[in-house]
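Have a look at the structure below before the remarks.
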Amino acid sequence: MNSGLNPADPTLVAAFRSALLHQGLIAAALFLLLWLLWGASRNWLRPGEAVHAPRAAEPAGHRVLRIGFGLLWVFDGILQAQPQMPGGLPSQVIEPTAQSSPRWVQDLVNAGGTIWSNHPITAAAASVWIQVGIGLWLLVAVRGWWSRGAGLASVAWGLMVWIWGESFGGIFAPGLSWLTGAPGAVLLYCVAGALIALPARAWLTARTGRLLLAGAGLFFIGMAVLQAWPGRGYWQGRSGSLSAMVASMAQTSQPRASSSLVAAFGSFDTAHGFAVNLFVVIALAAIGAALLTGRPRLVRVAVLAAGVLCLADWVLVQDFGFFGGLGTDPNSMIPTILLLAAGYLALTRLPDAAAEPEAAVQAEAVTPAPGGRWRELLRPEGARAALTATSMQTVTALAALGVIVIGAAPMAAASLSPTADPILAQAIAGYSPPLDSPASPFRLTDQDGRTVTLASLRGKVVLLTFLDPVCTTDCPLIAQEFKATAAMLGAQARQTELVAIVANPTYYSTQFTQAFDRQEGLSAVPDWLYLTGTLTQLRSAWQQYGVTVENLPAGAMSAHNDLAFVIDRAGVIRQEIDADPGPGTTSTRSSFAVLFAADVRQALSQS
């Protein structure tokens with residue numbers, strides 16, 4: 001899953017910023033267009049014709065969830081826009097999280113993470129716009145199917161993030177604890193989304209609030225039992241699980257004040273670990289028991305106590321959750337507070353049970369019957385009626401859905417591609433300006449003993465590199481990149497010659513080139529030539545193409561710079577590429593092959 005690139009690589013950062021800017025302009029244009037169309041359509045209505053159905057007040061619990069988690073999704077989307085996300089999220093967040101989980105979880109996460117590794121810019125930008133879009137949708141869609149749709153979108157995306165981004169929230173890993181974020185913040189987003197997606201009638205009685213609080217009570221008691229379980233490292237201070245986690249959080253790049261607070265708590269826990277854990281166990285169990293009673297007074301005290309405990313944990317243990325340049329959300333405590341507050345309000349502050357059905361009945365008077373809805377919309381009167389019932393909030397919700405599509409569509413397309421984005425190779429190789437200089441001639445021998453000259457290859461585009469036949473590091477990787485390039489070119493491979501020249505002053509006979517071909521599976525690649533010759537001929541080729549070759553003192557391999565050249569049909573160099581394979585991951589090898597294939601196609605089109 002790891003692309004192996006530096007998260008702060010300037011090429012990745014610049015490409016990410018460019019993608020966000022372009023997609024952001026599209027999103028802004030979408031909002032502006034829909035608002036303008038809506039405003040223009042309202043002028044089409046005759047004066048006094050716009051009549052809206054009466055609307056019941058939104059239940060307080062529903063409002064807390066909708067606004068609270070809407071703001072959280074927007075904030076998470078903004079966090080995803082941090083410059084190091086494309087290259088850093090897989091290697092520094094997702095992979096370390098999965099490492100402590102069972103092998104099947106790691107395999108599942110790695111399989112899903114391949115999309116991000118192969119297309120880091122597309123995936124990172126998609127995460128920004130999907131989360132911002134869901135957040136905006138929640139904020140503006142107050143009721144009805146638009147609001148329920150926003151809740152379902154929150155559930156769908158949240159589950160994807162929980163599984164592939166948080167490795168199921170670490171529930172299958174040792175050391176699971178409520179203090180550190182179990183069962184994963186995004187799972188709480190899913191719970192909130194499911195509650196928002198409930199029909200309006202579900203919020204007319206105290207049943208929803210009672211069930212939510214009872215579920216929270218069972219969860220708190222379960223977390224208390226888990227926290228009290230012996231042998232998990234939480235009862236000891238020095239070298240305990242909690243003190244180690246707090247110490248690592250204190251080292252995160254963050255404001256000095258928060259770092260000092262976290263470090264101070266870490267020192268306190270190191271000295272008094274047993275007392276700290278005992279307090280946490282008792283507090284969690286007491287809060288859970290009070291929530292289970294369903295009695296408003298006890299529940300109010302429990303919610304307030306849980307809020308204080310959550311805020312303390314958020315600051316002192318979770319360290320706000322979003323510092324360090326790769327934080328993706330504020331962790332689990334704020335979502336927990338929102339769910340508890342919504343449960344309490346749903347239990348104690350019920351909407352007028354009579355007003356809601358009455359508003360729904362009156363709303364039907366301005367809504368076309370389902371059977372004839374589309375036929376009515378085609379008539380001027382039906383269209384006017386539909387526009388009359390369309391509010392600014394509905395139009396904005398539609399635009400928010402469009403923002404989600406702006407992120408999701410490129411990501412879906414990228415997931416269907418078996419190859420990686422060439423941006424990875426460009427980040428490793430750097431910028432290669434187009435060239436227009438005659439390629440130096442050579443006269444060498446191929447792996448089968450036949451004489452080959454550059455002139456004999458005229459009429460084909462030549463992709464040329466220099467490989468050491470006994471190399472065990474970079475050269476096999478470059479050979480595989482050339483092999484993948486041939487496969488990507490397809491029928492165009494017949495118009496291309498893939499050529500390597502030996503880069504070793506000791507082991508340069510055809511015996512070694514043939515062995516290398518067999519080792520790397522190149523013998524079956526059509527139009528593949530591995531050229532050698534006398535040492536004088538090879539040194540002349542090295543010098544003419546700027547390749548420095550030196551014998552290593554302690555082995556058979558040689559040291560040489562990795563270069564690739566694209567030579568057009570007329571024998572003119574069109575591109576010189578730094579072919580150093582970098583980390584040599586599956587993603588970077590695929591990316592180099594895509595880059596080589598693109599440069600070859602460009603040379604074919606120009607000649």
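Identifiers for the structure tokens are assigned positionally: chains receive A, B, ... in sequence, residues are indexed from 1 per chain, and ligands are indexed from 1 in the order shown.
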Practice item. Show which residues sit within 10 Å of A:Gly87, as a PyMOL selection string. Count only C-alpha atoms, and ignore same-chain residues fewer than 2 positions away. Key: chain A and resi 2-9+12-13+16+83-85+89-92+116-117+119-121+124+424
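Contact shell of A:Ala439 at 10 Å (only C-alpha atoms; same-chain neighbours under 4 positions omitted): Leu454, Gln544, Tyr545, Phe565, Val566, Ile567, Asp568, Ala570, Gly571, Val572, Ile573 and Arg574 of chain A.
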Practice item. Pick out the closest residue to A:Ala125 from this set: A:Leu291, A:Ala56, A:Ala182, A:Ala408. Count only C-alpha atoms. Key: A:Ala408
With 12 Å as the cut-off and only C-alpha atoms counted, what is the closest atom pair between each nearby residue of stretch 281-316 of chain A and stretch 258-269 of chain A? Distances in Å to one decimal, ordered by chain and number, as a Markdown table.
| residue | atom | partner | partner_atom | distance |
| --- | --- | --- | --- | --- |
| A:Ala312 | CA | A:Phe265 | CA | 10.4 |
| A:Asp313 | CA | A:Val262 | CA | 10.0 |
| A:Trp314 | CA | A:Val262 | CA | 10.2 |
| A:Val315 | CA | A:Val262 | CA | 7.3 |
| A:Leu316 | CA | A:Val262 | CA | 4.9 |
Would you save the residues from that selection as a PDB file, in the first residue's frame, using all heavy atoms?
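Written file, selection-v4.pdb:
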ATOM      1  N   ALA A 312     -11.800  16.065  28.954  1.00  0.00           N
ATOM      2  CA  ALA A 312     -10.502  15.846  29.599  1.00  0.00           C
ATOM      3  C   ALA A 312      -9.671  14.839  28.815  1.00  0.00           C
ATOM      4  O   ALA A 312      -8.461  15.042  28.588  1.00  0.00           O
ATOM      5  CB  ALA A 312     -10.708  15.366  31.035  1.00  0.00           C
ATOM      6  N   ASP A 313     -10.312  13.759  28.382  1.00  0.00           N
ATOM      7  CA  ASP A 313      -9.582  12.754  27.608  1.00  0.00           C
ATOM      8  C   ASP A 313      -9.150  13.309  26.258  1.00  0.00           C
ATOM      9  O   ASP A 313      -8.048  13.022  25.771  1.00  0.00           O
ATOM     10  CB  ASP A 313     -10.472  11.529  27.403  1.00  0.00           C
ATOM     11  CG  ASP A 313      -9.753  10.406  26.684  1.00  0.00           C
ATOM     12  OD1 ASP A 313      -8.978   9.690  27.338  1.00  0.00           O
ATOM     13  OD2 ASP A 313      -9.954  10.261  25.461  1.00  0.00           O
ATOM     14  N   TRP A 314     -10.026  14.114  25.630  1.00  0.00           N
ATOM     15  CA  TRP A 314      -9.713  14.696  24.321  1.00  0.00           C
ATOM     16  C   TRP A 314      -8.466  15.571  24.386  1.00  0.00           C
ATOM     17  O   TRP A 314      -7.628  15.544  23.481  1.00  0.00           O
ATOM     18  CB  TRP A 314     -10.923  15.508  23.856  1.00  0.00           C
ATOM     19  CG  TRP A 314     -10.814  16.034  22.454  1.00  0.00           C
ATOM     20  CD1 TRP A 314     -10.489  15.327  21.334  1.00  0.00           C
ATOM     21  CD2 TRP A 314     -11.067  17.379  22.021  1.00  0.00           C
ATOM     22  NE1 TRP A 314     -10.511  16.142  20.228  1.00  0.00           N
ATOM     23  CE2 TRP A 314     -10.871  17.405  20.621  1.00  0.00           C
ATOM     24  CE3 TRP A 314     -11.448  18.547  22.670  1.00  0.00           C
ATOM     25  CZ2 TRP A 314     -11.034  18.575  19.870  1.00  0.00           C
ATOM     26  CZ3 TRP A 314     -11.629  19.705  21.923  1.00  0.00           C
ATOM     27  CH2 TRP A 314     -11.414  19.718  20.541  1.00  0.00           C
ATOM     28  N   VAL A 315      -8.338  16.323  25.477  1.00  0.00           N
ATOM     29  CA  VAL A 315      -7.190  17.232  25.609  1.00  0.00           C
ATOM     30  C   VAL A 315      -5.947  16.505  26.111  1.00  0.00           C
ATOM     31  O   VAL A 315      -4.856  16.665  25.553  1.00  0.00           O
ATOM     32  CB  VAL A 315      -7.552  18.396  26.564  1.00  0.00           C
ATOM     33  CG1 VAL A 315      -6.330  19.274  26.817  1.00  0.00           C
ATOM     34  CG2 VAL A 315      -8.699  19.220  25.996  1.00  0.00           C
ATOM     35  N   LEU A 316      -6.090  15.677  27.141  1.00  0.00           N
ATOM     36  CA  LEU A 316      -4.928  15.117  27.836  1.00  0.00           C
ATOM     37  C   LEU A 316      -4.420  13.804  27.235  1.00  0.00           C
ATOM     38  O   LEU A 316      -3.234  13.491  27.382  1.00  0.00           O
ATOM     39  CB  LEU A 316      -5.271  14.903  29.321  1.00  0.00           C
ATOM     40  CG  LEU A 316      -5.665  16.152  30.106  1.00  0.00           C
ATOM     41  CD1 LEU A 316      -6.061  15.776  31.526  1.00  0.00           C
ATOM     42  CD2 LEU A 316      -4.527  17.174  30.108  1.00  0.00           C
TER      43      LEU A 316
END
Point to revise | Selection: 7 Å around stretch 481-491 of chain A, only C-alpha atoms, excl. self and same-chain fewer than 4 positions, as a ChimeraX atom specification | key: /A:477,522,525,589-590,592-594,596-597
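What separates atom CA of A:Ser101 from atom CA of A:Gly184 is a distance of 13.7 Å.
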Practice item. Find the residues near A:Gly61: any atom within 6 Å, counting only C-alpha atoms, skip ones fewer than 2 places away on the same chain, and give them as a PyMOL selection string. Key: chain A and resi 59+63-64+342+345-346
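Nearest residue to A:Arg17, choosing from A:Val308, A:Leu211, A:Ala81, A:Ala153 and counting only C-alpha atoms: A:Ala81.
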Exercise for review: Go through stretch 255-487 of chain A and collect every residue that DSSP, computed from the backbone, puts in helix (DSSP H, G or I); the answer should be as an MDAnalysis selection string.
Suggested key: chainID A and resid 256:271 273:293 296:316 333:348 355:364 370:377 380:389 392:415 423:429 455:457 474:487
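Counting only C-alpha atoms, the residue from A:Ala493, A:Val405, A:Val299, A:Ile577 that sits nearest to A:Leu435 is A:Ile577.
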Practice item. Can you pull out every residue within 9 Å of A:Val452, counting only C-alpha atoms, but drop anything in the same chain fewer than 3 positions away, and send it as a PyMOL selection string? Key: chain A and resi 442-446+455-457+529+531
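Non-sequential neighbours of A:Val461 (distance at most 8 Å, separation of 4 or more positions within a chain, only C-alpha atoms) are Gln495, Thr496, Glu497, Val566, Ile567, Asp568, Arg569, Val600, Ala603 and Leu604 of chain A.
What separates atom CA of A:Val499 from atom CA of A:Leu563 is a distance of 12.2 Å.
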